[in-house]
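S.K.: Pasting a structure here, questions to come.
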Amino acid sequence: MQFVDSCLADAQDQQMWRDLMAAIQYLWRHLLAEQDREEGLAQERAESVLLNLQWRRIDVPDAVRERVLSSTDMDELGTWLERSYQVSDA
């Protein structure tokens, strides 16, 4: 980015380049922040499923624990959370 900026002789071209790069950087930061937020919410929901089962003294096999913790599908995790209040085993 700095290399291209330094190669542009016209001040107006340099400013247009900087504005374009600033917009692109903002977009990437926004997309990455949104992805991080969604992953964080999925992780919290997965932990809630497991915590609810623990509170209810339901044994959770390692395979089930891994499946729950690896899920990023909020609908699936929501279904599991609702079921965690009613099931008798994991």
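Letters for chains follow the order of the structure tokens (A, B, ...), residue numbers begin at 1 for each chain, and ligand numbers begin at 1 in the order shown.
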Which residues are close to range 49-63 of chain A, i.e. within 12 Å by only C-alpha atoms, leaving aside same-chain residues fewer than 5 positions away? Reply as a PyMOL selection string.

M.R.: chain A and resi 42-44+68-71+74+76-90

S.K.: Report, in Å with one decimal, the straight-line distance from CA of Asp75 in chain A to CA of Ala46 in chain A.

M.R.: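 Calculated distance between CA of Asp75 in chain A and CA of Ala46 in chain A is 11.3 Å.
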
S.K.: Pick out each residue of range 18-88 of chain A that DSSP on the backbone tags as alpha helix (DSSP H); I need them as a VMD selection string.

M.R.: chain A and resid 18 to 55 62 to 70 74 to 83

S.K.: Of the residues A:Ala23, A:Glu47, A:Leu41, A:Asp13, which is the one nearest to Thr72 in chain A, using only C-alpha atoms?

M.R.: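 Closest to Thr72 in chain A, using only C-alpha atoms: A:Leu41.
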
S.K.: In Å to one decimal, how far is CA of Leu32 in chain A from CA of Arg18 in chain A?

M.R.: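 CA of Arg18 in chain A sits 20.9 Å away from CA of Leu32 in chain A.
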